[in-house]
$ cat protein.txt   # compact mmCIF, C-alpha atoms and all ligand atoms
# COMPACT_ATOMS: atom_id res chain seq x y z
CA MET K 273 83.17 113.71 110.69
CA VAL K 274 86.29 115.81 111.34
CA LYS K 275 89.85 114.55 111.30
CA VAL K 276 92.90 116.56 112.27
CA VAL K 277 95.99 115.37 110.44
CA LYS K 278 99.56 116.06 111.47
CA PHE K 279 102.48 115.34 109.17
CA GLY K 280 105.98 114.96 110.55
CA GLY K 281 109.16 116.36 109.05
CA SER K 282 110.07 113.25 107.08
CA SER K 283 106.58 113.33 105.49
CA LEU K 284 107.24 116.86 104.21
CA ALA K 285 110.93 116.67 103.42
CA ASP K 286 110.62 117.32 99.67
CA ALA K 287 108.17 117.93 96.82
CA GLU K 288 107.51 114.22 96.28
CA HIS K 289 106.40 113.91 99.88
CA PHE K 290 104.25 117.05 99.59
CA LYS K 291 102.42 115.40 96.69
CA GLN K 292 101.91 112.24 98.68
CA VAL K 293 100.64 114.26 101.66
CA ALA K 294 98.20 116.17 99.46
CA SER K 295 96.82 112.97 97.99
CA ILE K 296 96.32 111.53 101.48
CA ILE K 297 94.50 114.68 102.62
CA LYS K 298 92.32 114.88 99.54
CA ALA K 299 91.42 111.20 99.72
CA ASP K 300 89.21 111.84 102.74
CA PRO K 301 86.96 114.92 102.99
CA ALA K 302 87.01 114.62 106.78
CA ARG K 303 90.69 115.65 106.80
CA LYS K 304 89.94 119.32 107.34
CA TYR K 305 92.70 120.65 109.55
CA VAL K 306 96.35 120.02 108.81
CA VAL K 307 99.32 120.52 111.10
CA PRO K 308 102.73 120.36 109.38
CA SER K 309 106.24 120.04 110.79
CA ALA K 310 109.26 121.66 109.18
CA PRO K 311 110.96 119.81 106.31
CA GLY K 312 112.91 116.89 107.76
CA LYS K 313 115.79 114.82 106.44
CA ARG K 314 115.70 113.64 102.82
CA SER K 315 118.45 111.12 103.48
CA LYS K 316 120.46 109.90 106.44
CA GLU K 317 123.17 112.53 105.93
CA ASP K 318 120.72 115.39 105.43
CA THR K 319 119.96 118.06 108.07
CA LYS K 320 116.45 118.97 109.26
CA VAL K 321 115.46 122.56 108.55
CA THR K 322 114.76 123.04 112.28
CA ASP K 323 118.37 122.12 113.06
CA MET K 324 119.60 124.48 110.35
CA LEU K 325 117.58 127.29 111.90
CA TYR K 326 119.00 126.58 115.36
CA HIS K 327 122.41 126.70 113.76
CA CYS K 328 121.66 130.09 112.16
CA TYR K 329 120.70 131.37 115.56
CA GLU K 330 124.00 130.20 117.02
CA MET K 331 125.95 131.78 114.17
CA ILE K 332 124.17 135.09 114.74
CA THR K 333 124.92 134.91 118.46
CA ALA K 334 128.58 134.28 117.62
CA ARG K 335 128.43 137.27 115.27
CA GLU K 336 129.12 135.15 112.22
CA ASN K 337 127.73 135.91 108.80
CA ILE K 338 124.76 133.67 107.95
CA ASP K 339 124.29 134.67 104.28
CA GLU K 340 125.67 131.52 102.73
CA TYR K 341 124.22 129.17 105.29
CA TYR K 342 120.80 130.76 105.11
CA ASP K 343 120.86 130.36 101.33
CA GLN K 344 120.69 126.62 101.88
CA ILE K 345 117.48 127.03 103.86
CA LYS K 346 116.03 129.23 101.15
CA ALA K 347 117.03 126.62 98.58
CA ARG K 348 115.11 123.91 100.41
CA TYR K 349 111.85 125.83 100.33
CA ASN K 350 112.38 127.16 96.82
CA GLN K 351 113.10 123.69 95.53
CA ILE K 352 109.89 122.33 97.05
CA ILE K 353 107.87 125.15 95.48
CA ALA K 354 109.54 124.77 92.08
CA GLU K 355 109.15 120.99 91.97
CA LEU K 356 105.50 121.29 92.91
CA GLY K 357 105.10 123.57 89.90
CA MET K 358 103.64 126.34 92.05
CA SER K 359 103.86 130.01 91.20
CA PHE K 360 104.25 131.03 94.82
CA ASP K 361 106.86 133.62 95.69
CA ILE K 362 108.11 133.05 99.20
CA SER K 363 111.25 135.20 98.87
CA GLY K 364 109.75 138.14 100.80
CA GLU K 365 108.91 135.85 103.72
CA LEU K 366 112.37 134.29 103.62
CA GLU K 367 114.06 137.69 103.70
CA TYR K 368 111.82 138.87 106.52
CA VAL K 369 112.63 135.80 108.63
CA LYS K 370 116.34 136.28 108.06
CA SER K 371 116.25 139.89 109.06
CA ALA K 372 114.09 139.21 112.13
CA MET K 373 116.55 136.55 113.25
CA GLN K 374 119.37 139.05 112.87
CA HIS K 375 117.45 141.54 114.95
CA SER K 376 117.37 139.35 118.04
CA SER K 377 113.93 137.85 117.86
CA GLY K 378 115.22 134.87 119.84
CA ARG K 379 116.11 131.22 119.55
CA ASP K 380 112.53 129.94 119.57
CA TYR K 381 111.50 132.39 116.87
CA ALA K 382 114.30 131.10 114.65
CA ALA K 383 113.39 127.45 115.22
CA SER K 384 109.67 128.03 114.68
CA ARG K 385 110.11 129.45 111.19
CA GLY K 386 110.64 125.96 109.79
CA GLU K 387 107.01 125.09 110.48
CA TYR K 388 105.75 128.58 109.64
CA LEU K 389 107.23 128.61 106.13
CA ASN K 390 106.27 125.01 105.45
CA GLY K 391 102.73 125.79 106.57
CA LEU K 392 102.48 128.70 104.14
CA ILE K 393 103.53 126.50 101.24
CA LEU K 394 101.32 123.60 102.20
CA ALA K 395 98.26 125.84 102.66
CA LYS K 396 98.80 127.36 99.23
CA TYR K 397 99.36 123.96 97.63
CA LEU K 398 96.21 122.48 99.14
CA GLY K 399 94.12 125.59 98.65
CA TYR K 400 93.45 125.67 102.41
CA ASP K 401 93.40 128.73 104.69
CA PHE K 402 96.51 129.45 106.76
CA ILE K 403 96.09 130.06 110.49
CA ASP K 404 99.27 131.31 112.11
CA ALA K 405 99.85 129.40 115.36
CA GLU K 406 101.03 132.68 116.88
CA ASN K 407 97.40 133.86 116.94
CA VAL K 408 95.86 130.76 118.47
CA ILE K 409 98.41 128.85 120.59
CA PHE K 410 99.22 130.60 123.87
CA PHE K 411 101.82 130.17 126.58
CA LYS K 412 101.73 131.63 130.08
CA ASP K 413 104.33 133.98 131.56
CA ASN K 414 106.04 131.05 133.25
CA GLY K 415 106.50 129.35 129.88
CA THR K 416 103.91 126.61 130.31
CA PHE K 417 101.21 126.03 127.75
CA ASP K 418 97.99 127.98 128.37
CA GLU K 419 95.44 125.29 127.69
CA GLU K 420 92.27 127.19 128.50
CA LYS K 421 93.05 130.38 126.62
CA THR K 422 94.21 128.39 123.61
CA ASN K 423 91.20 126.15 123.53
CA VAL K 424 88.75 129.03 123.59
CA ALA K 425 90.57 131.05 120.92
CA LEU K 426 91.35 128.12 118.67
CA THR K 427 87.83 126.70 118.81
CA GLU K 428 86.46 130.09 117.76
CA GLU K 429 89.01 130.47 114.98
CA LEU K 430 88.49 127.01 113.51
CA LYS K 431 84.77 127.66 113.19
CA LYS K 432 85.61 130.32 110.63
CA HIS K 433 87.48 127.90 108.39
CA GLU K 434 86.19 124.96 106.44
CA HIS K 435 89.78 123.81 105.83
CA ALA K 436 92.99 125.15 107.32
CA VAL K 437 96.69 124.57 107.83
CA ILE K 438 98.06 125.42 111.28
CA PRO K 439 101.85 125.14 111.60
CA GLY K 440 103.06 122.94 114.45
CA PHE K 441 105.63 123.40 117.20
CA TYR K 442 105.10 127.03 118.32
CA GLY K 443 102.83 129.59 119.87
CA VAL K 444 103.14 132.97 121.54
CA MET K 445 104.06 134.30 124.98
CA PRO K 446 101.93 136.98 126.69
CA ASN K 447 104.55 139.58 125.69
CA GLY K 448 104.21 138.67 122.02
CA THR K 449 107.44 136.71 121.57
CA ILE K 450 107.39 133.33 119.87
CA LYS K 451 107.86 130.23 121.98
CA THR K 452 108.20 126.63 120.87
CA PHE K 453 107.28 123.38 122.57
CA SER K 454 110.16 120.98 123.15
CA ARG K 455 111.61 119.13 120.15
CA GLY K 456 109.10 117.07 118.24
CA GLY K 457 106.40 119.42 119.50
CA SER K 458 104.28 119.52 116.34
CA ASP K 459 102.68 116.36 117.71
CA ILE K 460 101.41 118.50 120.59
CA THR K 461 100.01 121.16 118.28
CA GLY K 462 98.16 118.45 116.35
CA SER K 463 96.63 117.19 119.55
CA ILE K 464 95.62 120.70 120.66
CA VAL K 465 93.97 121.36 117.30
CA ALA K 466 92.15 118.02 117.45
CA ARG K 467 90.71 118.94 120.81
CA ALA K 468 89.67 122.43 119.72
CA ALA K 469 88.08 121.07 116.54
CA ASN K 470 86.32 118.44 118.62
CA ALA K 471 87.67 116.00 116.07
CA ASP K 472 86.57 112.39 115.75
CA LEU K 473 90.13 111.34 115.10
CA TYR K 474 93.66 112.74 115.31
CA GLU K 475 95.78 111.19 112.59
CA ASN K 476 99.49 111.50 113.17
CA TRP K 477 101.34 110.70 109.94
CA THR K 478 104.97 109.74 110.23
CA ASP K 479 107.46 107.37 108.61
CA VAL K 480 106.59 104.15 110.46
CA SER K 481 103.39 102.13 110.49
CA GLY K 482 102.66 102.74 114.16
CA PHE K 483 104.16 101.19 117.26
CA MET K 484 106.03 97.92 117.32
CA MET K 485 105.69 95.55 120.24
CA ALA K 486 109.42 95.88 120.86
CA ASP K 487 112.43 97.81 119.63
CA PRO K 488 113.35 96.46 116.16
CA ARG K 489 117.03 97.06 116.95
CA ILE K 490 116.75 94.28 119.52
CA ILE K 491 113.94 92.08 118.21
CA ASP K 492 113.94 91.05 114.55
CA ASP K 493 110.83 92.23 112.74
CA PRO K 494 108.62 92.69 115.81
CA CYS K 495 104.82 92.56 115.47
CA SER K 496 103.03 95.88 115.27
CA ILE K 497 100.51 97.07 117.84
CA LYS K 498 96.97 97.54 116.50
CA THR K 499 95.43 99.24 119.53
CA ILE K 500 97.02 100.63 122.63
CA THR K 501 95.48 102.63 125.46
CA TYR K 502 96.85 106.01 126.52
CA ARG K 503 97.97 104.48 129.82
CA GLU K 504 99.86 101.66 128.17
CA LEU K 505 101.50 104.10 125.84
CA ARG K 506 102.58 106.23 128.75
CA GLU K 507 104.27 103.20 130.33
CA LEU K 508 106.01 102.27 127.10
CA SER K 509 107.12 105.79 126.23
CA TYR K 510 108.55 106.26 129.70
CA MET K 511 110.90 103.46 128.67
CA GLY K 512 111.88 105.28 125.54
CA ALA K 513 109.54 103.87 122.89
CA THR K 514 109.27 107.13 120.96
CA VAL K 515 107.08 107.72 117.97
CA LEU K 516 104.86 110.36 119.48
CA HIS K 517 105.81 113.27 121.74
CA GLU K 518 104.79 112.34 125.28
CA ASP K 519 102.90 115.56 125.91
CA ALA K 520 100.80 115.01 122.80
CA ILE K 521 98.54 112.65 124.67
CA PHE K 522 97.11 115.05 127.25
CA PRO K 523 94.96 117.38 125.11
CA VAL K 524 93.12 114.56 123.35
CA ARG K 525 93.07 112.17 126.26
CA TYR K 526 90.45 114.05 128.23
CA ALA K 527 88.38 114.68 125.14
CA LYS K 528 88.64 110.93 124.41
CA ILE K 529 89.74 111.55 120.84
CA PRO K 530 91.66 108.55 119.50
CA ILE K 531 95.06 109.03 117.86
CA ASN K 532 95.92 107.00 114.80
CA ILE K 533 99.63 106.70 114.00
CA ARG K 534 99.97 106.26 110.23
CA ASN K 535 102.75 105.86 107.68
CA THR K 536 102.85 108.51 104.92
CA ASN K 537 104.89 106.17 102.73
CA ARG K 538 102.48 103.26 103.25
CA PRO K 539 99.03 104.81 103.57
CA GLU K 540 97.44 101.39 103.07
CA ASP K 541 98.73 100.27 106.50
CA GLU K 542 96.24 100.69 109.33
CA GLY K 543 98.86 101.85 111.80
CA THR K 544 98.31 101.96 115.55
CA MET K 545 95.20 103.29 117.27
CA ILE K 546 95.74 104.98 120.61
CA VAL K 547 92.46 104.94 122.52
CA SER K 548 91.22 105.83 125.99
CA ASP K 549 89.72 102.46 126.64
CA THR K 550 89.08 99.24 124.84
CA ASN K 551 87.13 96.17 125.66
CA ASP K 552 88.56 93.82 123.08
CA TYR K 553 90.45 91.81 125.68
CA ASP K 554 89.66 88.54 123.90
CA THR K 555 91.31 89.35 120.64
CA GLN K 556 94.14 91.14 122.39
CA ARG K 557 97.45 89.53 123.21
CA ILE K 558 98.26 89.38 126.91
CA ILE K 559 101.04 91.84 126.48
CA THR K 560 100.85 94.94 124.31
CA GLY K 561 104.53 95.70 124.26
CA VAL K 562 107.83 95.37 126.03
CA ALA K 563 110.38 98.17 126.29
CA GLY K 564 113.19 99.23 128.52
CA LYS K 565 116.13 101.47 129.08
CA LYS K 566 119.59 101.47 130.58
CA GLY K 567 121.32 103.93 132.85
CA PHE K 568 119.84 103.44 136.29
CA THR K 569 121.43 103.34 139.74
CA VAL K 570 119.99 101.58 142.81
CA ILE K 571 120.59 102.97 146.25
CA THR K 572 119.79 100.31 148.83
CA ILE K 573 119.41 101.42 152.43
CA GLU K 574 119.17 98.90 155.26
CA LYS K 575 118.30 99.45 158.87
CA ASP K 576 116.96 97.11 161.52
CA MET K 577 113.39 97.92 162.53
CA MET K 578 113.07 100.41 159.68
CA ASN K 579 109.42 99.54 159.29
CA SER K 580 108.50 100.98 162.68
CA GLU K 581 110.58 104.13 162.39
CA ILE K 582 108.18 106.94 161.64
CA GLY K 583 109.35 109.41 158.98
CA PHE K 584 112.18 107.22 157.67
CA GLY K 585 111.04 107.26 154.05
CA ARG K 586 110.23 110.92 154.11
CA LYS K 587 113.69 111.85 155.39
CA VAL K 588 115.40 109.80 152.70
CA LEU K 589 113.25 111.29 149.96
CA GLU K 590 113.85 114.75 151.34
CA VAL K 591 117.56 114.29 150.75
CA LEU K 592 116.85 113.49 147.12
CA GLU K 593 114.55 116.46 146.85
CA ASP K 594 117.14 118.83 148.31
CA ASN K 595 119.53 117.65 145.61
CA GLU K 596 116.89 117.97 142.92
CA ILE K 597 116.94 114.29 142.07
CA SER K 598 113.71 112.58 141.11
CA PHE K 599 113.26 108.92 141.89
CA GLU K 600 111.98 106.46 139.32
CA HIS K 601 111.00 103.52 141.52
CA LEU K 602 110.89 102.74 145.16
CA PRO K 603 110.74 99.03 145.85
CA SER K 604 110.99 98.40 149.58
CA GLY K 605 111.15 95.56 152.08
CA ILE K 606 110.68 95.39 155.84
CA ASP K 607 114.12 96.53 156.87
CA ASN K 608 115.34 97.93 153.60
CA MET K 609 114.36 100.35 150.95
CA SER K 610 115.75 100.70 147.44
CA ILE K 611 115.60 103.82 145.40
CA VAL K 612 116.07 103.63 141.67
CA VAL K 613 117.37 106.84 140.14
CA SER K 614 118.75 107.88 136.79
CA THR K 615 122.54 107.52 136.89
CA THR K 616 123.23 110.79 135.07
CA GLU K 617 120.99 112.69 137.46
CA PHE K 618 122.45 111.06 140.57
CA GLU K 619 126.18 110.83 139.84
CA PRO K 620 127.09 114.53 140.30
CA HIS K 621 125.44 114.59 143.74
CA LYS K 622 126.40 111.12 144.87
CA ASP K 623 128.72 111.94 147.79
CA LYS K 624 126.49 114.63 149.17
CA VAL K 625 123.41 112.42 148.99
CA ILE K 626 125.08 109.53 150.79
CA THR K 627 126.48 111.76 153.52
CA SER K 628 123.08 113.36 154.05
CA ILE K 629 121.22 110.04 154.18
CA ASN K 630 123.72 108.77 156.74
CA ARG K 631 123.19 111.84 158.85
CA MET K 632 119.42 111.95 158.53
CA VAL K 633 118.47 108.31 159.19
CA ARG K 634 121.62 106.59 160.52
CA PRO K 635 121.15 103.41 158.46
CA ASP K 636 123.07 100.15 159.04
CA SER K 637 124.26 100.26 155.46
CA ILE K 638 123.90 102.08 152.17
CA VAL K 639 124.92 100.35 148.96
CA VAL K 640 125.02 102.12 145.60
CA GLU K 641 125.08 100.04 142.43
CA ASN K 642 125.25 101.38 138.89
CA GLY K 643 124.56 99.63 135.62
CA LEU K 644 120.92 98.72 136.05
CA ALA K 645 118.54 98.42 133.12
CA LEU K 646 114.78 98.45 133.55
CA ILE K 647 112.37 96.53 131.36
CA ALA K 648 108.62 97.12 131.40
CA THR K 649 106.26 94.46 130.15
CA VAL K 650 103.05 96.31 129.44
CA GLY K 651 99.56 95.03 128.71
CA ARG K 652 96.01 95.98 129.66
CA ALA K 653 95.00 92.32 129.36
CA MET K 654 97.40 91.37 132.16
CA ILE K 655 94.86 92.40 134.79
CA LYS K 656 92.74 89.40 133.85
CA ALA K 657 95.38 86.89 132.86
CA LYS K 658 96.68 84.84 135.78
CA GLY K 659 100.32 83.92 135.91
CA THR K 660 101.65 86.71 133.71
CA ALA K 661 104.21 87.82 136.28
CA ALA K 662 105.40 84.22 136.66
CA ARG K 663 105.83 83.94 132.91
CA VAL K 664 107.86 87.16 132.80
CA PHE K 665 110.16 85.99 135.61
CA ASN K 666 110.50 82.44 134.31
CA SER K 667 111.37 83.57 130.83
CA ILE K 668 114.10 85.81 132.19
CA SER K 669 115.58 83.18 134.45
CA GLY K 670 115.28 80.67 131.58
CA ALA K 671 117.62 82.95 129.64
CA ASP K 672 120.05 82.70 132.54
CA VAL K 673 119.60 86.32 133.52
CA ASN K 674 119.47 87.42 137.12
CA ILE K 675 116.60 89.69 138.13
CA ARG K 676 117.89 92.48 140.34
CA MET K 677 114.62 94.21 141.08
CA ILE K 678 110.90 93.67 140.61
CA ASP K 679 108.24 96.32 140.66
CA GLN K 680 104.73 95.38 139.71
CA GLY K 681 103.63 98.84 140.73
CA SER K 682 100.05 99.64 141.43
CA SER K 683 98.96 100.17 137.86
CA GLU K 684 98.46 96.46 137.15
CA ILE K 685 99.15 97.05 133.49
CA SER K 686 102.90 96.75 133.72
CA ILE K 687 105.53 94.63 135.37
CA ILE K 688 108.92 96.25 135.69
CA VAL K 689 112.08 94.27 136.26
CA GLY K 690 115.63 95.46 136.76
CA VAL K 691 118.52 93.52 135.24
CA GLU K 692 122.22 94.17 134.71
CA GLU K 693 122.76 96.38 131.68
CA HIS K 694 124.75 93.70 129.87
CA ASP K 695 121.79 91.33 130.19
CA PHE K 696 119.34 93.86 128.78
CA ASP K 697 118.94 92.54 125.21
CA LYS K 698 118.86 88.94 126.36
CA ALA K 699 116.12 89.58 128.91
CA LEU K 700 114.05 91.61 126.50
CA ARG K 701 114.23 88.87 123.87
CA ALA K 702 113.28 86.27 126.43
CA ILE K 703 110.14 88.16 127.48
CA TYR K 704 109.12 88.90 123.91
CA GLY K 705 109.67 85.29 122.91
CA GLU K 706 107.57 84.08 125.81
CA PHE K 707 104.49 86.05 124.81
CA VAL K 708 104.80 86.32 121.04
CA LYS K 709 105.22 82.93 119.49
N1 LIG V 1 110.48 120.67 113.75
C1 LIG V 1 110.46 120.49 115.15
C2 LIG V 1 111.57 119.54 115.58
O1 LIG V 1 112.30 119.05 114.80
C3 LIG V 1 109.15 120.05 115.68
C4 LIG V 1 108.59 118.79 115.07
O2 LIG V 1 109.07 118.32 114.04
O3 LIG V 1 107.64 118.24 115.64
O4 LIG V 1 111.72 119.28 116.72

$ encode --input "protein.txt" --output "structure tokens"
Amino acid sequence: MVKVVKFGGSSLADAEHFKQVASIIKADPARKYVVPSAPGKRSKEDTKVTDMLYHCYEMITARENIDEYYDQIKARYNQIIAELGMSFDISGELEYVKSAMQHSSGRDYAASRGEYLNGLILAKYLGYDFIDAENVIFFKDNGTFDEEKTNVALTEELKKHEHAVIPGFYGVMPNGTIKTFSRGGSDITGSIVARAANADLYENWTDVSGFMMADPRIIDDPCSIKTITYRELRELSYMGATVLHEDAIFPVRYAKIPINIRNTNRPEDEGTMIVSDTNDYDTQRIITGVAGKKGFTVITIEKDMMNSEIGFGRKVLEVLEDNEISFEHLPSGIDNMSIVVSTTEFEPHKDKVITSINRMVRPDSIVVENGLALIATVGRAMIKAKGTAARVFNSISGADVNIRMIDQGSSEISIIVGVEEHDFDKALRAIYGEFVK
């Protein structure tokens, strides 16, 4: 049995958390490979080390002196080492990093050192080997992750180590420079390592006990989700339910390695299992979760006999493409078609888009409305449960909220409705209340 464990920044923010992390790792001999983030916030007002490193980079670019500011970063690592009672001297590493940053090693290099230094300390503390991500995580020239090369190299490397720490968040470009994933990217490294180790489980330790069925800022004390499929998670994270980096799913998904989201501060909680498939429809609630987001615009185009006009849809979408706008949804009728786009993406190109659509397809009318919120009700059990859509719609209208758009999509595991932004919370509560009694 092999488990790959990833610990987020809040789980490694100070010495106390390091101790907790070590006891979690040592409690299960299967926890062989560890992927750490950089030290996160110790309190609400605190700054993550990654953000401090980005700031150093900006100061250097602005030709400011970083001595004093960098001392704070040093202090964070030195304090962790001292409070762990270790006799580990990291000052040479800290000086090297500072000087490399000052000698234009780049923004990503600077940011990545948070994980690198934390990884060195954690490896020493656990008595595990240290594998520098720069030797095993590869990017291509165009900046995308090189999955094949990485998997071959990492699989080989892991075979040489019984236990190892591999820092998250970064890898190397073909020309040898350091590149990071996007923010929160240690989740991705964890997933890549899990795949290469052919792990039985990828445990992702954070500061919450998994996913909630709804946003706790809107729903009081929502129920937690025990199991969720990758597909359901994708639908919910599209709506902004973030606990895990979206790209962290792909490496383990094909290898069918489940991800377990766990809480470092409450290791007794089971957390949420993210799995490729599950058959426990009977014990499962009809809906797995409900999430949504604001900030959408609907462009509604009407034209008589639109349905028989060949190429109509393509021309309209071409206009969006030319303006580099992606569309989120495309509900359409017989003589009309609506395009839902992100308001921030659309607004700067609005006039040009409307003029072009008018020219390309000569519609009877185009109406643009802002202020739309989308809510997705997601559940794998919906496929078998009759009347779910009716319950979603009835609950919303029962709350006196007008539904502006419906999109059941083809996935069958989610029903998406559009409502006015000011009705967002009300509609979300109504749906949650309907299915979770
Ligand atoms: N430290 C990086 C960040 O803050 C990566 C991570 O924590 O996953 O984005």

$ residues_near_ligand --input "protein.txt" --ligand "ligand LIG 1 (chain V)" --cutoff "6 Å" --atoms "all atoms listed in the file" --output "PyMOL selection string"
chain K and resi 280-281+309-310+322+441+455-459

$ closest_residue --input "protein.txt" --among "K:Glu387, K:Glu590, K:Asp418, K:Asp549" --to "K:Arg525" --atoms "all atoms listed in the file"
K:Asp549

$ residues_around --input "protein.txt" --residues "K:Gly386" --least-positions-apart "4" --cutoff "10 Å" --atoms "all atoms listed in the file" --output "number ranges by chain"
K: 281, 308-312, 320-325, 345, 349, 381-382, 390-391, 439-441

$ closest_residue --input "protein.txt" --among "K:Asp576, K:Asp286, K:Glu507, K:Glu340" --to "K:Gly651" --atoms "all atoms listed in the file"
K:Glu507

$ residues_around --input "protein.txt" --residues "stretch 632-639 of chain K" --least-positions-apart "4" --cutoff "8 Å" --atoms "only C-alpha atoms" --output "list in words"
Val570, Ile571, Thr572, Ile573, Glu574, Lys575, Asp576, Phe584, Lys587, Val588, Ile626 and Ser628 of chain K

$ atom_distance --input "protein.txt" --atom1 "atom CA of K:Ala405" --atom2 "atom CA of K:Asn447"
15.2 Å

$ atom_distance --input "protein.txt" --atom1 "atom CA of K:Leu516" --atom2 "atom CA of K:Thr649"
19.2 Å

$ residues_around --input "protein.txt" --residues "K:Val625" --least-positions-apart "3" --cutoff "12 Å" --atoms "all atoms listed in the file" --output "list in words"
Ile571, Lys587, Val588, Leu589, Glu590, Val591, Leu592, Glu593, Asp594, Asn595, Glu596, Ile597, Glu617, Phe618, Glu619, Pro620, His621, Lys622, Ser628, Ile629, Asn630, Arg631, Met632, Ile638 and Val640 of chain K

$ write_last_selection --input "protein.txt" --atoms "C-alpha atoms" --output "short mmCIF file (atom, residue, chain, number, x, y, z; two decimals), in the frame of the given file"
data_model
loop_
_atom_site.label_atom_id
_atom_site.label_comp_id
_atom_site.auth_asym_id
_atom_site.auth_seq_id
_atom_site.Cartn_x
_atom_site.Cartn_y
_atom_site.Cartn_z
CA ILE K 571 120.59 102.97 146.25
CA LYS K 587 113.69 111.85 155.39
CA VAL K 588 115.40 109.80 152.70
CA LEU K 589 113.25 111.29 149.96
CA GLU K 590 113.85 114.75 151.34
CA VAL K 591 117.56 114.29 150.75
CA LEU K 592 116.85 113.49 147.12
CA GLU K 593 114.55 116.46 146.85
CA ASP K 594 117.14 118.83 148.31
CA ASN K 595 119.53 117.65 145.61
CA GLU K 596 116.89 117.97 142.92
CA ILE K 597 116.94 114.29 142.07
CA GLU K 617 120.99 112.69 137.46
CA PHE K 618 122.45 111.06 140.57
CA GLU K 619 126.18 110.83 139.84
CA PRO K 620 127.09 114.53 140.30
CA HIS K 621 125.44 114.59 143.74
CA LYS K 622 126.40 111.12 144.87
CA SER K 628 123.08 113.36 154.05
CA ILE K 629 121.22 110.04 154.18
CA ASN K 630 123.72 108.77 156.74
CA ARG K 631 123.19 111.84 158.85
CA MET K 632 119.42 111.95 158.53
CA ILE K 638 123.90 102.08 152.17
CA VAL K 640 125.02 102.12 145.60
#

$ residues_near_point --input "protein.txt" --point "(113.4, 131.4, 97.9)" --cutoff "9 Å" --atoms "only C-alpha atoms" --output "PyMOL selection string"
chain K and resi 343+345-351+353+361-367

$ atom_distance --input "protein.txt" --atom1 "atom CA of K:Met485" --atom2 "atom CA of K:Thr616"
27.6 Å

$ closest_residue --input "protein.txt" --among "K:Ile675, K:Ala285, K:Leu430, K:Ile338" --to "K:Thr319" --atoms "all atoms listed in the file"
K:Ala285

$ axis_aligned_box --input "protein.txt" --around "stretch 482-500 of chain K" --padding-each-side "5 Å" --output "lines of an AutoDock Vina configuration file"
center_x = 106.2
center_y = 96.9
center_z = 117.7
size_x = 31.6
size_y = 21.7
size_z = 19.9

$ closest_residue --input "protein.txt" --among "K:Lys278, K:Arg314, K:Arg676, K:Lys421" --to "K:Val408" --atoms "only C-alpha atoms"
K:Lys421

$ closest_residue --input "protein.txt" --among "K:Ile668, K:Ala469, K:Ala354, K:Leu505" --to "K:Glu428" --atoms "all atoms listed in the file"
K:Ala469

$ residues_around --input "protein.txt" --residues "K:Ala436" --least-positions-apart "4" --cutoff "6 Å" --atoms "all atoms listed in the file" --output "list in words"
Tyr305, Tyr400, Asp401 and Phe402 of chain K

$ residues_around --input "protein.txt" --residues "stretch 465-467 of chain K" --least-positions-apart "4" --cutoff "12 Å" --atoms "all atoms listed in the file" --output "ChimeraX atom specification"
/K:274-278,303-308,403,405,408-409,419-420,422-431,436-441,458-461,471-476,520-532

$ decode --input "protein.txt" --residues "stretch 648-655 of chain K" --atoms "N, CA, C and O atoms" --output "PDB file, in the first residue's frame"
ATOM      1  N   ALA K 648     -25.395  25.793 -10.088  1.00  0.00           N
ATOM      2  CA  ALA K 648     -25.398  24.400 -10.557  1.00  0.00           C
ATOM      3  C   ALA K 648     -25.790  23.486  -9.409  1.00  0.00           C
ATOM      4  O   ALA K 648     -25.204  23.536  -8.338  1.00  0.00           O
ATOM      5  N   THR K 649     -26.798  22.678  -9.655  1.00  0.00           N
ATOM      6  CA  THR K 649     -27.173  21.638  -8.703  1.00  0.00           C
ATOM      7  C   THR K 649     -26.582  20.359  -9.266  1.00  0.00           C
ATOM      8  O   THR K 649     -26.891  19.978 -10.392  1.00  0.00           O
ATOM      9  N   VAL K 650     -25.681  19.748  -8.512  1.00  0.00           N
ATOM     10  CA  VAL K 650     -24.890  18.653  -9.054  1.00  0.00           C
ATOM     11  C   VAL K 650     -25.136  17.368  -8.278  1.00  0.00           C
ATOM     12  O   VAL K 650     -25.195  17.376  -7.046  1.00  0.00           O
ATOM     13  N   GLY K 651     -25.296  16.263  -8.986  1.00  0.00           N
ATOM     14  CA  GLY K 651     -25.467  14.986  -8.291  1.00  0.00           C
ATOM     15  C   GLY K 651     -25.488  13.823  -9.251  1.00  0.00           C
ATOM     16  O   GLY K 651     -26.247  13.819 -10.213  1.00  0.00           O
ATOM     17  N   ARG K 652     -24.635  12.823  -8.998  1.00  0.00           N
ATOM     18  CA  ARG K 652     -24.602  11.662  -9.892  1.00  0.00           C
ATOM     19  C   ARG K 652     -25.877  10.846  -9.777  1.00  0.00           C
ATOM     20  O   ARG K 652     -26.239  10.133 -10.697  1.00  0.00           O
ATOM     21  N   ALA K 653     -26.574  10.972  -8.622  1.00  0.00           N
ATOM     22  CA  ALA K 653     -27.777  10.170  -8.422  1.00  0.00           C
ATOM     23  C   ALA K 653     -28.976  10.757  -9.171  1.00  0.00           C
ATOM     24  O   ALA K 653     -30.033  10.128  -9.271  1.00  0.00           O
ATOM     25  N   MET K 654     -28.804  11.950  -9.723  1.00  0.00           N
ATOM     26  CA  MET K 654     -29.916  12.607 -10.425  1.00  0.00           C
ATOM     27  C   MET K 654     -30.357  11.838 -11.659  1.00  0.00           C
ATOM     28  O   MET K 654     -31.518  11.882 -12.053  1.00  0.00           O
ATOM     29  N   ILE K 655     -29.396  11.131 -12.264  1.00  0.00           N
ATOM     30  CA  ILE K 655     -29.688  10.397 -13.498  1.00  0.00           C
ATOM     31  C   ILE K 655     -30.850   9.433 -13.255  1.00  0.00           C
ATOM     32  O   ILE K 655     -31.700   9.233 -14.110  1.00  0.00           O
TER      33      ILE K 655
END
